[in-house]
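Novice: File model.txt follows (compact mmCIF, C-alpha atoms):
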# COMPACT_ATOMS: atom_id res chain seq x y z
CA MET A 2 32.60 -3.91 4.54
CA ALA A 3 31.93 -3.04 0.91
CA ARG A 4 29.07 -0.64 0.31
CA ARG A 5 26.32 -1.59 -2.08
CA ASP A 6 26.68 -1.19 -5.81
CA PRO A 7 25.75 2.44 -6.62
CA ASP A 8 23.65 1.22 -9.56
CA ALA A 9 21.58 -1.06 -7.30
CA PRO A 10 17.89 -0.16 -6.98
CA LYS A 11 16.77 2.03 -4.11
CA ARG A 12 15.94 0.18 -0.95
CA LEU A 13 13.08 0.66 1.54
CA ALA A 14 13.13 -0.91 5.00
CA ILE A 15 9.99 -0.78 7.16
CA ILE A 16 9.28 -1.99 10.68
CA ALA A 17 5.58 -2.85 11.07
CA SER A 18 4.86 -2.86 14.79
CA LYS A 19 1.08 -2.41 14.89
CA GLY A 20 -1.66 -4.82 13.85
CA THR A 21 -4.85 -2.79 13.93
CA LEU A 22 -6.67 -2.16 10.65
CA ASP A 23 -5.62 1.50 10.48
CA PHE A 24 -1.90 1.00 11.11
CA ALA A 25 -1.74 -2.17 9.03
CA TYR A 26 -2.28 -0.16 5.87
CA PRO A 27 0.84 2.08 5.70
CA PRO A 28 3.48 -0.70 5.53
CA PHE A 29 1.63 -2.57 2.79
CA ILE A 30 0.77 0.60 0.80
CA LEU A 31 4.33 1.93 0.97
CA GLY A 32 5.83 -1.49 0.33
CA SER A 33 3.72 -2.30 -2.72
CA THR A 34 4.20 1.19 -4.16
CA ALA A 35 7.96 1.18 -3.68
CA ALA A 36 8.13 -2.22 -5.36
CA ALA A 37 6.08 -0.81 -8.25
CA MET A 38 8.73 1.90 -8.57
CA GLY A 39 11.42 -0.71 -8.90
CA TRP A 40 12.71 -0.46 -5.33
CA GLU A 41 13.86 -3.35 -3.19
CA VAL A 42 11.56 -3.62 -0.15
CA GLY A 43 11.81 -5.43 3.17
CA ILE A 44 9.21 -5.23 5.94
CA PHE A 45 9.96 -6.55 9.42
CA PHE A 46 6.78 -7.57 11.27
CA THR A 47 7.33 -7.43 15.00
CA PHE A 48 5.27 -7.26 18.19
CA TYR A 49 1.65 -6.42 17.33
CA GLY A 50 2.59 -6.13 13.66
CA LEU A 51 3.42 -9.83 13.44
CA PRO A 52 -0.23 -10.99 13.08
CA LEU A 53 -0.38 -9.13 9.75
CA LEU A 54 1.38 -12.16 8.30
CA LEU A 55 -1.08 -14.72 9.68
CA ARG A 56 -2.77 -16.90 7.08
CA ASN A 57 -6.23 -15.74 8.10
CA TYR A 58 -5.82 -12.32 9.55
CA ASP A 59 -8.86 -10.19 10.19
CA PRO A 60 -7.64 -6.90 11.67
CA LYS A 61 -9.90 -4.69 13.77
CA VAL A 62 -9.86 -1.04 14.67
CA SER A 63 -11.29 0.86 17.63
CA PRO A 64 -11.83 4.59 18.09
CA LEU A 65 -11.23 4.02 21.81
CA GLY A 66 -7.87 5.56 22.65
CA ASN A 67 -7.72 6.73 19.05
CA PRO A 68 -9.19 10.23 19.40
CA ALA A 69 -8.10 11.52 15.98
CA MET A 70 -10.03 8.78 14.16
CA PRO A 71 -13.06 10.30 12.39
CA LEU A 72 -16.25 8.28 12.78
CA LYS A 73 -18.24 8.88 9.60
CA MET A 74 -20.97 6.79 8.03
CA PRO A 75 -20.33 5.21 4.60
CA PHE A 76 -24.03 5.42 3.68
CA GLY A 77 -26.86 7.97 3.57
CA PRO A 78 -27.07 11.40 1.90
CA PRO A 79 -23.82 13.40 1.42
CA GLY A 80 -24.49 15.78 4.34
CA PHE A 81 -25.03 12.83 6.68
CA ARG A 82 -21.81 11.16 5.53
CA GLN A 83 -19.87 14.33 6.38
CA ILE A 84 -20.84 14.22 10.05
CA SER A 85 -18.01 13.13 12.32
CA TRP A 86 -19.92 11.53 15.18
CA PRO A 87 -18.83 12.65 18.66
CA ILE A 88 -19.09 9.31 20.43
CA PRO A 89 -18.21 9.33 24.16
CA ALA A 90 -15.32 7.03 25.09
CA ILE A 91 -17.57 5.09 27.47
CA VAL A 92 -19.80 4.10 24.52
CA GLU A 93 -16.76 3.19 22.42
CA ALA A 94 -15.80 0.80 25.23
CA LEU A 95 -19.04 -1.20 24.88
CA PRO A 96 -18.82 -4.75 23.54
CA GLY A 97 -19.17 -4.86 19.77
CA PHE A 98 -18.21 -1.23 19.19
CA SER A 99 -14.85 -2.08 17.62
CA LEU A 100 -16.60 -4.55 15.30
CA LEU A 101 -18.93 -1.74 14.24
CA ALA A 102 -16.04 0.70 13.72
CA THR A 103 -14.12 -1.97 11.78
CA SER A 104 -16.96 -2.69 9.39
CA LEU A 105 -17.56 1.05 8.86
CA MET A 106 -13.90 1.62 8.01
CA GLN A 107 -13.75 -1.41 5.71
CA GLU A 108 -16.89 -0.28 3.89
CA THR A 109 -15.57 3.28 3.53
CA PHE A 110 -12.25 2.05 2.11
CA LYS A 111 -14.05 -0.25 -0.32
CA GLN A 112 -16.33 2.52 -1.56
CA LYS A 113 -13.41 4.90 -2.06
CA GLY A 114 -11.49 2.37 -4.18
CA VAL A 115 -8.83 1.35 -1.64
CA PRO A 116 -7.98 -2.36 -1.75
CA SER A 117 -8.50 -4.58 1.27
CA LEU A 118 -5.57 -5.35 3.49
CA LEU A 119 -5.25 -8.92 2.28
CA GLU A 120 -5.32 -7.74 -1.35
CA LEU A 121 -2.53 -5.29 -0.58
CA ARG A 122 -0.55 -7.99 1.18
CA GLN A 123 -0.89 -10.19 -1.90
CA MET A 124 0.30 -7.31 -4.11
CA CYS A 125 3.40 -7.05 -1.93
CA ILE A 126 3.98 -10.80 -2.29
CA ASP A 127 3.50 -10.66 -6.07
CA ALA A 128 5.95 -7.75 -6.31
CA GLY A 129 8.62 -9.67 -4.42
CA VAL A 130 8.55 -7.67 -1.19
CA ASN A 131 10.60 -9.41 1.49
CA LEU A 132 8.22 -10.06 4.41
CA ILE A 133 10.18 -10.89 7.56
CA ALA A 134 8.33 -12.38 10.53
CA CYS A 135 9.95 -11.70 13.90
CA GLN A 136 11.03 -14.98 15.47
CA MET A 137 11.16 -13.55 18.98
CA THR A 138 7.58 -12.23 18.79
CA MET A 139 6.45 -15.60 17.49
CA ASP A 140 7.91 -17.32 20.55
CA VAL A 141 6.72 -14.71 23.05
CA PHE A 142 3.09 -14.69 21.88
CA GLY A 143 2.93 -18.40 21.22
CA PHE A 144 2.55 -18.50 17.44
CA LYS A 145 3.80 -21.35 15.28
CA LYS A 146 5.53 -20.99 11.93
CA GLU A 147 2.63 -22.85 10.27
CA ASP A 148 0.23 -20.09 11.37
CA PHE A 149 1.84 -17.72 8.90
CA ILE A 150 1.71 -17.33 5.14
CA PRO A 151 4.41 -19.43 3.46
CA GLU A 152 5.77 -16.40 1.57
CA CYS A 153 7.26 -14.83 4.69
CA THR A 154 10.74 -15.50 5.98
CA VAL A 155 11.42 -15.82 9.70
CA GLY A 156 14.20 -13.78 11.18
CA GLY A 157 15.34 -11.61 14.02
CA ALA A 158 16.68 -8.12 14.57
CA ALA A 159 20.02 -8.92 12.94
CA THR A 160 18.30 -10.23 9.78
CA PHE A 161 16.35 -7.02 9.42
CA LEU A 162 19.23 -4.71 10.34
CA GLU A 163 21.52 -6.28 7.77
CA PHE A 164 18.94 -5.44 5.09
CA ALA A 165 18.15 -2.01 6.59
CA GLY A 166 21.81 -1.08 6.93
CA ASP A 167 21.96 -0.42 3.21
CA ALA A 168 18.48 1.11 2.91
CA ASP A 169 17.85 4.50 1.37
CA VAL A 170 14.62 4.89 3.36
CA SER A 171 13.87 3.35 6.76
CA LEU A 172 10.51 3.71 8.46
CA PHE A 173 8.98 2.61 11.73
CA VAL A 174 5.21 2.17 11.67
CA MET B 21 -1.93 18.27 -27.62
CA THR B 22 -2.25 18.66 -31.33
CA GLU B 23 -0.45 15.43 -32.15
CA VAL B 24 -2.64 12.41 -31.44
CA LEU B 25 -0.82 9.62 -29.61
CA GLN B 26 -1.79 6.06 -30.42
CA PRO B 27 -1.40 3.95 -27.28
CA ASP B 28 -0.56 0.27 -27.54
CA ARG B 29 -2.64 -0.35 -24.47
CA VAL B 30 -5.19 1.56 -22.36
CA LEU B 31 -5.49 1.10 -18.60
CA ASP B 32 -8.54 2.54 -16.84
CA CYS B 33 -7.95 3.24 -13.13
CA SER B 34 -11.12 5.31 -12.67
CA GLY B 35 -12.52 5.08 -9.15
CA LEU B 36 -9.31 3.68 -7.65
CA LEU B 37 -7.30 5.40 -4.95
CA CYS B 38 -3.62 5.22 -3.96
CA PRO B 39 -1.74 2.92 -4.31
CA LEU B 40 -3.69 1.07 -7.02
CA PRO B 41 -3.18 3.40 -10.03
CA VAL B 42 0.61 3.28 -9.60
CA ILE B 43 0.68 -0.48 -8.99
CA ARG B 44 -1.55 -1.27 -11.98
CA THR B 45 0.44 1.09 -14.20
CA SER B 46 3.66 -0.59 -13.16
CA LYS B 47 2.21 -4.03 -13.96
CA ALA B 48 0.72 -2.94 -17.27
CA ILE B 49 3.87 -1.31 -18.62
CA LYS B 50 5.89 -4.45 -17.95
CA GLU B 51 3.58 -6.28 -20.35
CA LEU B 52 4.50 -3.86 -23.15
CA GLY B 53 7.61 -3.91 -25.32
CA ILE B 54 10.32 -1.25 -25.00
CA GLY B 55 9.19 1.87 -26.84
CA GLN B 56 5.49 1.01 -26.69
CA VAL B 57 2.98 3.48 -25.25
CA LEU B 58 0.57 2.98 -22.35
CA LYS B 59 -2.39 5.28 -21.80
CA VAL B 60 -3.64 5.50 -18.21
CA ILE B 61 -6.91 7.07 -17.11
CA ALA B 62 -7.35 7.92 -13.41
CA THR B 63 -9.65 9.86 -11.12
CA ASP B 64 -7.49 9.79 -7.96
CA PRO B 65 -6.67 13.45 -7.16
CA GLY B 66 -3.22 12.26 -6.08
CA ALA B 67 -2.52 10.64 -9.43
CA PRO B 68 -0.85 13.58 -11.26
CA ALA B 69 1.91 13.90 -8.65
CA ASP B 70 2.22 10.15 -8.08
CA MET B 71 2.38 9.23 -11.76
CA GLU B 72 5.14 11.79 -12.37
CA ALA B 73 7.11 10.44 -9.43
CA TRP B 74 6.61 6.86 -10.59
CA ALA B 75 7.88 7.74 -14.08
CA ARG B 76 10.97 9.49 -12.68
CA GLN B 77 11.75 6.58 -10.37
CA THR B 78 11.30 3.85 -12.95
CA GLY B 79 12.90 5.75 -15.83
CA ASN B 80 9.84 5.39 -18.03
CA GLU B 81 8.93 8.45 -20.07
CA LEU B 82 5.83 10.47 -19.22
CA ILE B 83 5.05 11.73 -22.70
CA ASP B 84 1.92 13.64 -21.83
CA ALA B 85 -0.43 14.30 -18.92
CA HIS B 86 -3.66 16.23 -19.16
CA GLU B 87 -7.23 16.42 -17.90
CA GLU B 88 -10.08 15.20 -20.06
CA ASP B 89 -13.77 15.17 -19.07
CA GLY B 90 -12.83 15.54 -15.40
CA LYS B 91 -10.37 12.64 -15.50
CA TYR B 92 -6.58 12.55 -15.57
CA VAL B 93 -4.99 11.05 -18.66
CA PHE B 94 -1.35 9.98 -18.89
CA PHE B 95 0.75 8.60 -21.73
CA PHE B 96 3.86 6.66 -20.78
CA ARG B 97 6.51 5.18 -23.04
CA ARG B 98 8.26 2.08 -21.75
CA MET B 99 11.96 2.90 -21.75
CA ARG B 100 13.54 -0.14 -20.10
With the file now loaded, output its structure as structure tokens.

Specialist:
Amino acid sequence: MARRDPDAPKRLAIIASKGTLDFAYPPFILGSTAAAMGWEVGIFFTFYGLPLLLRNYDPKVSPLGNPAMPLKMPFGPPGFRQISWPIPAIVEALPGFSLLATSLMQETFKQKGVPSLLELRQMCIDAGVNLIACQMTMDVFGFKKEDFIPECTVGGAATFLEFAGDADVSLFV
Amino acid sequence: MTEVLQPDRVLDCSGLLCPLPVIRTSKAIKELGIGQVLKVIATDPGAPADMEAWARQTGNELIDAHEEDGKYVFFFRRMR
């Protein structure tokens, strides 16, 4: 098989396998940035990463089972904001705690000047990033094609691998 | 810089973090003609390294980068 044209733009291939708020960021940040640098970008959304392409996706995050996640408050005096709260796992397991952690993280990101996830997703779309929704995951978890944004293409492992086979950078998130 | 550069457009990315300064710069420069100059102001501490990398990758010229009143200032010339 002929290799790609050496003058072709660099290519980035990412597998997005996680759908929580924290791990949803890296594929969209890297994808939009690479596109801004003139690279060709494809992201394959599979398993728990597939919901990132839902029309109305509202990702959550939980510090439970996520021990490296700092829990800091996005309000109050500077010294207070610096405190990383040592919350016991049993409290993190209480109903509503992940909603609290999610809103704290969203507020922190907003204050620091990081775009929301849906804004970043739109930037990827505008920049022509190829968003591939995993057909197998769709079937396994009972999603329908209409649940997803119309800008994504549906494909399987072979679709992604054909693109990734000529990639300069391949990442699994 | 002794020579004063006259930008054709100014883009203020103050208060924005990665990846927005790079993405907005990339959008803004595409709206300029070849040879025109874009001035970008940013406060993201990652901007100096990222802006240099973006210029190298896209082939646009980073004419000047310096700090001014605690902000980072960049001048790019659209090359292609």

Novice: Counting only C-alpha atoms, a student should be able to say which residues of chain A come within 10 Å of chain B; what is the right answer, written as a VMD selection string?

Specialist: chain A and resid 10 to 11 29 to 40 110 to 116 121 124 128

Novice: In Å, how far is it from CA of Leu119 in chain A to CA of Asn57 in chain A?

Specialist: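 Separation of CA of Leu119 in chain A and CA of Asn57 in chain A: 9.0 Å.
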
Novice: Please report the interatomic distance between CA of Val92 in chain A and CA of Asp59 in chain A in Å with one decimal.

Specialist: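 These atoms are spaced 23.0 Å apart.
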
Novice: Taking 3 positions as the minimum chain separation for residues in the same chain, which residues sit within 7 Å of Leu54 in chain A when counting all atoms listed in the file? Answer as a ChimeraX atom specification.

Specialist: /A:51,149-150

Novice: Which residues are close to Pro52 in chain A, i.e. within 12 Å by only C-alpha atoms, leaving aside same-chain residues fewer than 6 positions away? Reply as number ranges by chain.

Specialist: A: 17-22, 25, 45-46, 58-61, 133-135, 138-139, 142-146, 148-150, 153

Novice: Counting all atoms listed in the file, which residues sit no farther than 10 Å from the position (16.0, 9.2, 0.2) in the file's frame? I'd like them as a ChimeraX atom specification.

Specialist: /A:11-13,168-171

Novice: If we count all atoms listed in the file, what is near Leu72 in chain A at a cut-off of 7 Å, once residues fewer than 2 positions away on the same chain are taken out, given as a list in words?

Specialist: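 My list of contacting residues is Met70, Met74, Ser85 and Trp86 of chain A.
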
Novice: Residues near Val57 in chain B, anyone? I mean within 10 Å using only C-alpha atoms, not counting same-chain ones fewer than 3 positions away, as a ChimeraX atom specification.

Specialist: /B:25-30,49,52-54,60,81-83,95-99

Novice: Between CA of Pro87 in chain A and CA of Ser104 in chain A, what is the distance, to one decimal in Å?

Specialist: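 Between these atoms lies a distance of 18.0 Å.
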
Novice: Between A:Met137, A:Gly166, A:Glu152, A:Ser63, single out the one closest to Gln123 in chain A, counting only C-alpha atoms.

Specialist: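 Looking only at the distances to Gln123 in chain A, the closest residue turns out to be A:Glu152.
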